[in-house]
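Visitor: First the structure, which I've put down as structure tokens, then a few questions once you've had a look.
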Protein chains: 2
Amino acid sequence: MSNQRLFRQKFTGRRVLITGGLGFIGSNLARELVRLGARVTIVDCLAPAYGGNRRNLAGLSRRVRVHIADVRDRKKLPGFVRGQDYLFNLAGQTSHMDSMSDPDTDLEINCRAQLSILEACRHHNPGIRVVFASTRQIYGRPEYLPVDERHPLRPVDVNGINKLAGEEYHLLYSDVYGIRSSVLRLTNTIGPRMRVKDARQTFVGVWIKQALSGQPFEVWGGAQRRDFTFVDDAVEALLLAATRREAVGRVFNLGGCGRVSLRQLADMVIAAAGGGRYTVRKFPADRKKIDIGDYYADDGLIRRELGWRPRTDIRTAVGRTVVFFRAELPHYL
Amino acid sequence: MSNQRLFRQKFTGRRVLITGGLGFIGSNLARELVRLGARVTIVDCLAPAYGGNRRNLAGLSRRVRVHIADVRDRKKLPGFVRGQDYLFNLAGQTSHMDSMSDPDTDLEINCRAQLSILEACRHHNPGIRVVFASTRQIYGRPEYLPVDERHPLRPVDVNGINKLAGEEYHLLYSDVYGIRSSVLRLTNTIGPRMRVKDARQTFVGVWIKQALSGQPFEVWGGAQRRDFTFVDDAVEALLLAATRREAVGRVFNLGGCGRVSLRQLADMVIAAAGGGRYTVRKFPADRKKIDIGDYYADDGLIRRELGWRPRTDIRTAVGRTVVFFRAELPHYL
């Protein structure tokens with residue numbers, strides 16, 4: 001069965017909750033689920049430093065129910081999870097630097113709220129199917145490349161530690177309480193609706209904003225090789241993880257549509273934007289400490305087990321992202 | 001240099017803080033540090049469900065400063081860490097079952113408080129030397145035996161997840177902020193001053209209490225093989241980790257003084273107690289889910305790197321523990 005047929009069968013008319021659904025990946029996922037005929041509910045706190053943006057649902061606001069609420073507000077969680085068929089649990093604090101300057105807030109969102117969400121599922125909707133968005137940050141600096149799921153875990157920032165706890169809670173509640181959960185470890189994801197006003201989500205956003213505004217941007221280091229996932233491919237992986245039985249209780253890396261150095265990527269941004277320039281500079285000392293250097297994932301497991309593969313090459317991914325922001329940039333500043 | 005000479009040189013006249021210092025391992029450590037001439041301060045909340053017991057400092061109360069305080073009370077932490085040369089960070093929630101029935105409290109103690117302690121060190125005493133007591137529970141069910149430090153981490157209860165976060169915070173603050181920290185992953189530790197009133201710390205405590213009280217005890221399963229560390233050996237490992245430069249920023253398994261099945265251990269308890277009996281029963285369903293089966297550690301790393309080795313064989317360890325509780329049992333019920 002094709003993925004599209006599978007998704008229609010599994011999601012048409014079904015109730016789907018997305019935490020962080022006004023954010024970058026969450027809103028792209030919501031759009032796809034609406035297209036598939038799902039009844040989508042979003043919980044998002046719209047905190048200014050995070051990825052949520054009402055513009056992300058442009059043209060869709062009548063077809064999605066949106067609650068502006070914080071997943072830290074545990075009293076509200078039972079009401080949100082009750083009656084849902086699926087939960088895509090994407091709400092998170094994503095900034096590595098913020099996790100170091102304010103570790104407590106990162107812990108509240110990435111640990112405690114996750115535990116509260118799972119407790120709400122356990123007590124109010126144990127039949128729900130859950131997908132948790134984790135991060136390659138939990139591996140820390142790679143000991144070998146590409147990084148597979150058995151790579152040692154040694155996060156280099158508080159964010160990575162707390163996300164690790166978050167994914168372990170999901171696996172535990174799956175194993176012990178039967179709350180069927182899957183975990184995807186995302187790498188750099190790019191695409192329409194990403195945060196571009198600063199580097200809290202990814203530095204690539206800032207590059208695109210600067211290039212489109214006719215401003216130079218900075219590339220730190222530049223030789224680091226990374227892989228990037230186009231958001232449509234990440235969305236497909238989320239849907240596969242939610243619908244394939246083989247995914248229950250398991251962790252999968254997402255890989256990308258190409259491995260490039262940051263300088264190569266910067267050149268692609270400039271080519272797509274039709275101009276611009278950047279300077280290469282040394283890493284600032286405080287960021288160097290939590291930088292992971294080269295990273296690219298071995299995504300063989302999700303390819304073999306769930307039949308996922310990234311469909312969008314890196315140049316196309318950058319191109320589509322730039323096209324989106326050329327029209328939309330004012331709404332994202 | 002012998003360990004004893006090293007310890008005298010490093011600890012005589014030095015200021016040492018022990019969180020959880022009225023507990024089983026903490027109080028044995030405090031006694032040894034007092035013997036070495038250290039100026040010991042203890043922080044312990046004496047929560048009834050945890051390991052703290054004033055009796056553990058019997059005969060020593062004038063030579064140790066004790067604060068009855070909770071490590072969750074973050075306002076007090078700067079005052080505690082300021083001016084200390086060493087911190088043995090042993091305060092924790094240890095019950096696997098309690099972590100499942102009340103995951104939030106486990107998170108408060110084993111995650112948030114750890115982060116607060118490290119933040120206090122960072123801002124008020126960055127030169128402090130820290131040793132964190134972690135647990136073999138973070139490995140989950142062994143994929144191979146003996147379990148070395150590179151074994152995959154898949155905790156089977158909330159306690160294991162939160163302890164994992166706790167150790168990662170310590171390593172991170174060591175790497176990023178230079179708060180020199182070491183982590184020991186303890187296995188079952190037994191000895192004088194262990195909690196015997198229930199199984200919150202270890203089931204062996206209950207066995208000893210029952211045998212000494214002339215009551216039968218239950219062995220669940222019985223064929224599981226485990227290793228056990230005598231508390232004096234664990235104390236020596238803690239002191240080595242605090243004093244050896246090679247230990248900074250690193251994680252070490254502690255191994256034991258022998259691998260035995262639980263039935264063999266039960267027989268040793270009865271032999272040491274001079275009588276008693278036990279029944280073997282199947283694991284209760286809710287505990288089976290979070291039981292890890294066979295476990296024994298590969299402790300080659302700490303042997304090679306720090307020169308530690310367990311000195312007390314399992315039979316001697318059980319014997320000394322039983323001798324202690326034969327005299328002291330009324331103070332531990």
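Chain labels follow the order of the structure tokens: the first chain is A, the next B, and so on; residue numbering restarts at 1 in every chain, and ligands are counted from 1 in their shown order.
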Would you give me, as a list in words, the residues of chain B that come within 7 Å of chain A, using only C-alpha atoms?

Guide: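 Filtering chain B at 7 Å from chain A with only C-alpha atoms gives Arg150, Pro152, Val156, Asp157, Val158, Ile161, Asn162, Ala165, Glu168, Tyr169, Leu172, Val176 and Lys289 of chain B.
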
Visitor: For the selection just defined, write its residues with C-alpha atoms to a file, as an mmCIF file, in the first residue's frame.

Guide:
data_model
loop_
_atom_site.group_PDB
_atom_site.id
_atom_site.type_symbol
_atom_site.label_atom_id
_atom_site.label_comp_id
_atom_site.auth_asym_id
_atom_site.auth_seq_id
_atom_site.Cartn_x
_atom_site.Cartn_y
_atom_site.Cartn_z
ATOM 1 C CA ARG B 150 29.263 1.586 26.760
ATOM 2 C CA PRO B 152 23.102 1.091 25.598
ATOM 3 C CA VAL B 156 13.028 0.602 32.679
ATOM 4 C CA ASP B 157 11.583 3.016 35.205
ATOM 5 C CA VAL B 158 11.230 6.748 35.766
ATOM 6 C CA ILE B 161 15.582 8.024 33.390
ATOM 7 C CA ASN B 162 15.900 10.804 35.920
ATOM 8 C CA ALA B 165 19.623 13.021 33.390
ATOM 9 C CA GLU B 168 24.484 13.873 32.347
ATOM 10 C CA TYR B 169 24.047 17.248 34.050
ATOM 11 C CA LEU B 172 27.944 18.609 31.179
ATOM 12 C CA VAL B 176 31.282 23.232 29.852
ATOM 13 C CA LYS B 289 7.548 -4.810 34.234
#

Visitor: Quick one: everything within 9 Å of Ala317 of chain B, counting only C-alpha atoms, minus sequence neighbours fewer than 4 positions away in the same chain. Send it as a PyMOL selection string.

Guide: chain B and resi 190-191+228-231+257+312-313+321-322

Visitor: Grab the residues selected above and save them as a CSV table (one decimal), in the first residue's frame with N, CA and C atoms.

Guide:
chain,number,residue,atom,x,y,z
B,190,ILE,N,25.4,-3.1,49.8
B,190,ILE,CA,24.9,-3.6,51.1
B,190,ILE,C,25.9,-3.3,52.2
B,191,GLY,N,25.4,-3.3,53.4
B,191,GLY,CA,26.3,-3.0,54.5
B,191,GLY,C,25.6,-2.4,55.7
B,228,PHE,N,27.0,-7.5,44.1
B,228,PHE,CA,26.8,-6.7,45.3
B,228,PHE,C,28.1,-6.0,45.7
B,229,THR,N,28.0,-4.8,46.1
B,229,THR,CA,29.2,-4.1,46.5
B,229,THR,C,29.0,-3.9,48.0
B,230,PHE,N,30.0,-4.2,48.8
B,230,PHE,CA,30.0,-3.9,50.2
B,230,PHE,C,30.2,-2.4,50.4
B,231,VAL,N,29.6,-1.8,51.3
B,231,VAL,CA,29.5,-0.3,51.4
B,231,VAL,C,30.9,0.3,51.6
B,257,CYS,N,31.6,-7.7,44.8
B,257,CYS,CA,32.5,-8.6,45.5
B,257,CYS,C,32.0,-10.0,45.2
B,312,THR,N,35.9,-6.8,49.6
B,312,THR,CA,35.1,-7.6,50.6
B,312,THR,C,34.3,-8.6,49.8
B,313,ASP,N,34.5,-9.9,50.0
B,313,ASP,CA,33.7,-10.9,49.3
B,313,ASP,C,32.3,-10.9,49.8
B,321,THR,N,27.1,-7.2,57.6
B,321,THR,CA,25.9,-6.5,57.7
B,321,THR,C,24.9,-7.1,58.7
B,322,VAL,N,24.9,-8.4,58.7
B,322,VAL,CA,24.0,-9.1,59.7
B,322,VAL,C,24.5,-8.8,61.1

Visitor: Once chain B is fitted onto chain A by least squares over all its in-order Cα atoms, send the moved chain as a compact mmCIF listing (two decimals) with C-alpha atoms, in the first residue's frame.

Guide:
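The resulting file, selection-v9.txt, is reproduced below:
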# COMPACT_ATOMS: atom_id res chain seq x y z
CA MET B 1 -0.02 0.01 -0.04
CA SER B 2 1.36 3.44 -0.86
CA ASN B 3 2.01 5.78 2.03
CA GLN B 4 -0.67 8.15 0.79
CA ARG B 5 -3.30 5.41 0.82
CA LEU B 6 -2.14 4.26 4.23
CA PHE B 7 -2.35 7.79 5.60
CA ARG B 8 -5.84 8.38 4.18
CA GLN B 9 -7.01 5.16 5.71
CA LYS B 10 -5.50 5.95 9.10
CA PHE B 11 -6.19 9.66 9.41
CA THR B 12 -9.37 10.54 7.50
CA GLY B 13 -11.97 11.54 10.09
CA ARG B 14 -9.64 10.75 12.98
CA ARG B 15 -8.85 13.09 15.84
CA VAL B 16 -5.27 14.26 16.03
CA LEU B 17 -3.65 16.44 18.69
CA ILE B 18 -0.45 18.32 17.90
CA THR B 19 1.45 20.00 20.72
CA GLY B 20 3.57 22.80 19.38
CA GLY B 21 1.28 22.75 16.37
CA LEU B 22 1.76 26.43 15.52
CA GLY B 23 5.49 25.84 15.20
CA PHE B 24 7.55 25.02 12.17
CA ILE B 25 7.21 21.25 11.91
CA GLY B 26 3.91 21.13 13.80
CA SER B 27 2.15 23.47 11.40
CA ASN B 28 3.45 21.69 8.31
CA LEU B 29 2.21 18.45 9.86
CA ALA B 30 -1.16 20.04 10.66
CA ARG B 31 -1.55 21.19 7.05
CA GLU B 32 -0.84 17.71 5.75
CA LEU B 33 -3.24 16.12 8.23
CA VAL B 34 -6.01 18.52 7.25
CA ARG B 35 -5.40 17.58 3.63
CA LEU B 36 -5.77 13.95 4.64
CA GLY B 37 -9.12 14.72 6.26
CA ALA B 38 -8.09 14.49 9.91
CA ARG B 39 -9.75 16.51 12.67
CA VAL B 40 -6.78 18.44 13.99
CA THR B 41 -6.44 20.12 17.37
CA ILE B 42 -3.40 22.20 18.18
CA VAL B 43 -2.00 23.17 21.55
CA ASP B 44 0.63 25.88 21.40
CA CYS B 45 1.71 28.50 23.92
CA LEU B 46 2.96 30.98 21.29
CA ALA B 47 5.84 31.94 23.58
CA PRO B 48 7.79 34.62 21.72
CA ALA B 49 11.12 32.80 21.93
CA TYR B 50 9.69 29.60 20.47
CA GLY B 51 8.57 28.51 17.04
CA GLY B 52 4.84 29.17 17.20
CA ASN B 53 3.41 31.68 14.74
CA ARG B 54 -0.27 32.11 13.85
CA ARG B 55 0.72 32.86 10.29
CA ASN B 56 1.76 29.22 9.98
CA LEU B 57 -1.92 28.27 9.74
CA ALA B 58 -2.75 30.90 7.12
CA GLY B 59 -5.74 29.77 5.08
CA LEU B 60 -6.41 26.92 7.44
CA SER B 61 -7.66 28.53 10.60
CA ARG B 62 -11.25 27.35 10.21
CA ARG B 63 -10.27 23.76 9.70
CA VAL B 64 -8.13 23.40 12.80
CA ARG B 65 -9.00 23.88 16.45
CA VAL B 66 -6.32 25.89 18.23
CA HIS B 67 -5.82 26.16 22.00
CA ILE B 68 -3.32 28.75 23.11
CA ALA B 69 -2.08 26.91 26.17
CA ASP B 70 1.12 25.77 27.73
CA VAL B 71 1.94 22.09 28.08
CA ARG B 72 3.39 22.98 31.48
CA ASP B 73 -0.16 23.71 32.64
CA ARG B 74 -0.86 20.18 33.68
CA LYS B 75 -4.46 20.71 34.74
CA LYS B 76 -5.42 21.30 31.14
CA LEU B 77 -3.74 18.22 29.74
CA PRO B 78 -6.45 15.62 30.47
CA GLY B 79 -8.96 17.70 28.52
CA PHE B 80 -6.59 17.94 25.59
CA VAL B 81 -5.72 14.27 25.25
CA ARG B 82 -9.16 12.82 25.95
CA GLY B 83 -10.84 11.47 22.83
CA GLN B 84 -7.83 11.91 20.56
CA ASP B 85 -6.68 9.07 18.32
CA TYR B 86 -3.17 10.42 17.79
CA LEU B 87 -0.82 12.73 19.59
CA PHE B 88 2.12 14.30 17.80
CA ASN B 89 4.09 15.62 20.72
CA LEU B 90 6.20 18.38 19.24
CA ALA B 91 6.10 21.12 21.87
CA GLY B 92 9.57 21.84 23.12
CA GLN B 93 12.18 24.34 24.03
CA THR B 94 14.66 24.03 21.18
CA SER B 95 17.39 26.59 21.80
CA HIS B 96 20.69 25.10 22.91
CA MET B 97 21.94 28.42 24.25
CA ASP B 98 18.70 29.18 26.12
CA SER B 99 18.92 25.77 27.78
CA MET B 100 22.30 26.76 29.19
CA SER B 101 21.30 30.22 30.39
CA ASP B 102 17.95 29.04 31.77
CA PRO B 103 18.21 25.29 32.39
CA ASP B 104 15.19 25.26 34.62
CA THR B 105 12.77 26.38 31.95
CA ASP B 106 14.19 23.79 29.59
CA LEU B 107 13.63 21.14 32.25
CA GLU B 108 10.05 22.28 32.83
CA ILE B 109 9.15 21.99 29.17
CA ASN B 110 11.30 19.15 27.92
CA CYS B 111 11.11 16.90 31.01
CA ARG B 112 8.33 17.68 33.38
CA ALA B 113 5.69 18.61 30.84
CA GLN B 114 6.46 15.44 28.88
CA LEU B 115 5.91 13.35 31.96
CA SER B 116 2.65 15.20 32.62
CA ILE B 117 1.46 14.62 29.05
CA LEU B 118 2.19 10.91 29.35
CA GLU B 119 0.49 10.72 32.74
CA ALA B 120 -2.55 12.41 31.18
CA CYS B 121 -2.55 9.81 28.40
CA ARG B 122 -2.15 6.98 30.89
CA HIS B 123 -5.06 8.08 33.03
CA HIS B 124 -7.38 9.57 30.41
CA ASN B 125 -6.61 7.99 27.06
CA PRO B 126 -4.33 4.96 27.22
CA GLY B 127 -5.31 3.89 23.70
CA ILE B 128 -3.81 7.00 22.11
CA ARG B 129 -0.96 6.63 19.59
CA VAL B 130 1.96 8.96 20.33
CA VAL B 131 4.91 10.21 18.30
CA PHE B 132 7.57 12.24 20.07
CA ALA B 133 9.94 14.57 18.25
CA SER B 134 13.41 14.16 19.70
CA THR B 135 16.72 15.46 18.43
CA ARG B 136 20.15 14.34 17.26
CA GLN B 137 21.44 16.62 20.05
CA ILE B 138 21.23 13.73 22.50
CA TYR B 139 24.25 12.06 20.85
CA GLY B 140 26.57 14.96 21.54
CA ARG B 141 29.78 15.08 19.53
CA PRO B 142 29.83 12.08 17.20
CA GLU B 143 32.37 9.39 17.99
CA TYR B 144 31.83 8.02 14.49
CA LEU B 145 29.91 8.99 11.37
CA PRO B 146 27.27 8.47 10.23
CA VAL B 147 25.61 8.26 13.65
CA ASP B 148 23.25 5.34 14.11
CA GLU B 149 20.78 4.78 16.94
CA ARG B 150 23.31 2.76 18.95
CA HIS B 151 25.79 5.60 19.13
CA PRO B 152 26.65 6.49 22.76
CA LEU B 153 24.55 9.28 24.23
CA ARG B 154 26.49 12.20 25.65
CA PRO B 155 24.54 15.42 25.14
CA VAL B 156 26.62 18.58 25.14
CA ASP B 157 23.94 20.90 26.47
CA VAL B 158 21.06 20.88 28.94
CA ASN B 159 18.60 20.74 26.06
CA GLY B 160 20.07 17.47 24.84
CA ILE B 161 19.91 15.93 28.31
CA ASN B 162 16.31 16.92 28.85
CA LYS B 163 15.22 15.79 25.38
CA LEU B 164 16.86 12.45 26.12
CA ALA B 165 14.80 12.15 29.30
CA GLY B 166 11.74 13.13 27.28
CA GLU B 167 12.22 10.34 24.79
CA GLU B 168 12.98 7.81 27.49
CA TYR B 169 9.72 8.68 29.24
CA HIS B 170 7.85 7.98 26.02
CA LEU B 171 9.55 4.61 25.53
CA LEU B 172 8.97 3.71 29.17
CA TYR B 173 5.26 4.54 29.09
CA SER B 174 5.02 2.50 25.92
CA ASP B 175 6.76 -0.52 27.47
CA VAL B 176 5.17 -0.39 30.91
CA TYR B 177 1.73 1.11 30.37
CA GLY B 178 1.09 0.27 26.74
CA ILE B 179 0.82 3.93 25.65
CA ARG B 180 2.03 3.14 22.14
CA SER B 181 4.78 5.64 21.42
CA SER B 182 7.47 6.16 18.84
CA VAL B 183 10.43 8.50 18.91
CA LEU B 184 12.04 10.25 15.96
CA ARG B 185 15.44 11.82 16.42
CA LEU B 186 15.35 14.75 14.04
CA THR B 187 18.42 16.34 12.56
CA ASN B 188 18.43 19.88 11.12
CA THR B 189 15.07 20.36 9.49
CA ILE B 190 14.47 23.19 7.06
CA GLY B 191 11.51 24.38 5.05
CA PRO B 192 8.64 26.84 4.86
CA ARG B 193 7.44 28.19 8.24
CA MET B 194 10.74 27.66 10.04
CA ARG B 195 11.79 30.30 12.54
CA VAL B 196 13.97 32.84 10.79
CA LYS B 197 14.01 35.78 13.18
CA ASP B 198 16.88 34.30 15.16
CA ALA B 199 18.93 31.12 15.51
CA ARG B 200 16.83 29.54 18.28
CA GLN B 201 15.56 26.83 15.96
CA THR B 202 18.34 26.65 13.39
CA PHE B 203 20.99 29.01 12.12
CA VAL B 204 19.78 28.42 8.55
CA GLY B 205 16.69 30.52 9.24
CA VAL B 206 18.80 33.56 10.00
CA TRP B 207 20.85 33.04 6.87
CA ILE B 208 17.73 33.02 4.71
CA LYS B 209 16.29 36.08 6.41
CA GLN B 210 19.54 38.00 5.94
CA ALA B 211 20.02 36.95 2.34
CA LEU B 212 16.45 37.93 1.44
CA SER B 213 16.86 41.25 3.27
CA GLY B 214 20.05 42.07 1.39
CA GLN B 215 22.11 41.75 4.57
CA PRO B 216 25.29 39.72 5.07
CA PHE B 217 25.19 36.76 7.43
CA GLU B 218 27.85 34.96 9.44
CA VAL B 219 28.93 31.36 9.04
CA TRP B 220 30.63 30.04 12.15
CA GLY B 221 33.34 27.58 11.33
CA GLY B 222 32.01 26.58 7.94
CA ALA B 223 33.72 23.27 7.34
CA GLN B 224 31.31 21.31 9.56
CA ARG B 225 29.35 18.79 7.56
CA ARG B 226 25.70 18.32 8.39
CA ASP B 227 22.65 16.68 6.96
CA PHE B 228 19.36 18.46 6.53
CA THR B 229 15.84 17.14 6.26
CA PHE B 230 13.22 18.98 4.25
CA VAL B 231 10.14 19.49 6.38
CA ASP B 232 7.82 17.57 4.03
CA ASP B 233 10.03 14.53 4.46
CA ALA B 234 10.02 14.97 8.23
CA VAL B 235 6.22 15.16 8.14
CA GLU B 236 6.04 11.92 6.17
CA ALA B 237 8.28 10.26 8.77
CA LEU B 238 6.03 11.47 11.58
CA LEU B 239 2.96 10.05 9.84
CA LEU B 240 4.71 6.74 9.17
CA ALA B 241 5.84 6.49 12.78
CA ALA B 242 2.27 7.06 13.92
CA THR B 243 0.75 4.45 11.66
CA ARG B 244 3.20 1.58 11.36
CA ARG B 245 3.01 -1.07 14.00
CA GLU B 246 6.75 -1.74 13.72
CA ALA B 247 7.41 1.73 15.11
CA VAL B 248 5.82 1.18 18.53
CA GLY B 249 8.25 1.55 21.41
CA ARG B 250 11.12 2.37 19.12
CA VAL B 251 13.56 5.12 18.26
CA PHE B 252 14.53 6.14 14.73
CA ASN B 253 17.03 8.62 13.37
CA LEU B 254 15.91 10.84 10.57
CA GLY B 255 18.52 11.48 7.98
CA GLY B 256 18.68 14.07 5.34
CA CYS B 257 18.49 14.85 1.72
CA GLY B 258 22.19 15.47 1.49
CA ARG B 259 25.34 16.08 3.50
CA VAL B 260 26.95 19.40 2.94
CA SER B 261 29.42 21.66 4.67
CA LEU B 262 28.00 24.82 6.14
CA ARG B 263 29.84 26.86 3.53
CA GLN B 264 28.27 24.81 0.75
CA LEU B 265 24.90 25.37 2.35
CA ALA B 266 25.54 29.10 2.63
CA ASP B 267 26.36 29.16 -1.07
CA MET B 268 23.08 27.39 -1.84
CA VAL B 269 21.14 29.94 0.20
CA ILE B 270 22.74 32.78 -1.72
CA ALA B 271 22.14 31.10 -5.07
CA ALA B 272 18.48 30.52 -4.19
CA ALA B 273 18.05 34.05 -2.92
CA GLY B 274 19.59 35.43 -6.09
CA GLY B 275 22.33 37.24 -4.21
CA GLY B 276 23.81 38.04 -0.85
CA ARG B 277 27.05 37.48 0.97
CA TYR B 278 28.41 35.95 4.13
CA THR B 279 31.51 36.10 6.24
CA VAL B 280 33.16 33.09 7.81
CA ARG B 281 34.21 33.59 11.41
CA LYS B 282 35.58 31.50 14.22
CA PHE B 283 33.13 30.04 16.68
CA PRO B 284 32.41 32.28 19.68
CA ALA B 285 33.86 30.65 22.79
CA ASP B 286 30.58 30.05 24.62
CA ARG B 287 29.02 28.38 21.60
CA LYS B 288 32.09 26.34 20.73
CA LYS B 289 31.65 24.51 24.02
CA ILE B 290 28.29 23.16 23.04
CA ASP B 291 28.88 22.76 19.30
CA ILE B 292 28.94 19.19 18.03
CA GLY B 293 31.07 19.61 14.89
CA ASP B 294 30.32 17.29 11.97
CA TYR B 295 27.07 15.39 12.19
CA TYR B 296 25.17 13.22 9.83
CA ALA B 297 22.82 10.42 10.60
CA ASP B 298 22.65 6.83 9.58
CA ASP B 299 18.95 6.56 8.84
CA GLY B 300 19.09 2.96 7.64
CA LEU B 301 16.80 1.77 10.42
CA ILE B 302 13.79 3.87 9.48
CA ARG B 303 14.38 3.11 5.81
CA ARG B 304 14.37 -0.61 6.47
CA GLU B 305 11.67 -0.76 9.10
CA LEU B 306 9.20 1.89 7.99
CA GLY B 307 10.12 2.34 4.35
CA TRP B 308 10.83 6.03 4.81
CA ARG B 309 13.25 7.88 2.63
CA PRO B 310 13.91 11.57 2.14
CA ARG B 311 12.51 12.63 -1.23
CA THR B 312 13.81 16.18 -1.44
CA ASP B 313 17.44 16.90 -2.25
CA ILE B 314 19.18 19.64 -0.35
CA ARG B 315 19.26 22.14 -3.20
CA THR B 316 15.54 21.76 -3.80
CA ALA B 317 14.89 22.03 -0.07
CA VAL B 318 16.80 25.29 0.18
CA GLY B 319 15.12 26.57 -2.97
CA ARG B 320 11.58 25.90 -1.78
CA THR B 321 12.30 27.42 1.58
CA VAL B 322 13.66 30.58 0.02
CA VAL B 323 10.68 30.84 -2.35
CA PHE B 324 8.33 30.62 0.63
CA PHE B 325 10.08 33.30 2.61
CA ARG B 326 10.48 35.59 -0.35
CA ALA B 327 6.71 36.01 -0.21
CA GLU B 328 6.18 35.57 3.51
CA LEU B 329 9.17 37.14 5.23
CA PRO B 330 7.33 40.12 6.79
CA HIS B 331 5.12 37.69 8.73
CA TYR B 332 8.14 35.98 10.28
CA LEU B 333 10.21 38.89 11.56

Visitor: Write down as number ranges by chain the residues belonging to segment 156-294 of chain A that are assigned helix (DSSP H, G or I) by DSSP computed on the backbone.

Guide: A: 158-177, 203-212, 231-243, 245-247, 262-273, 285-288
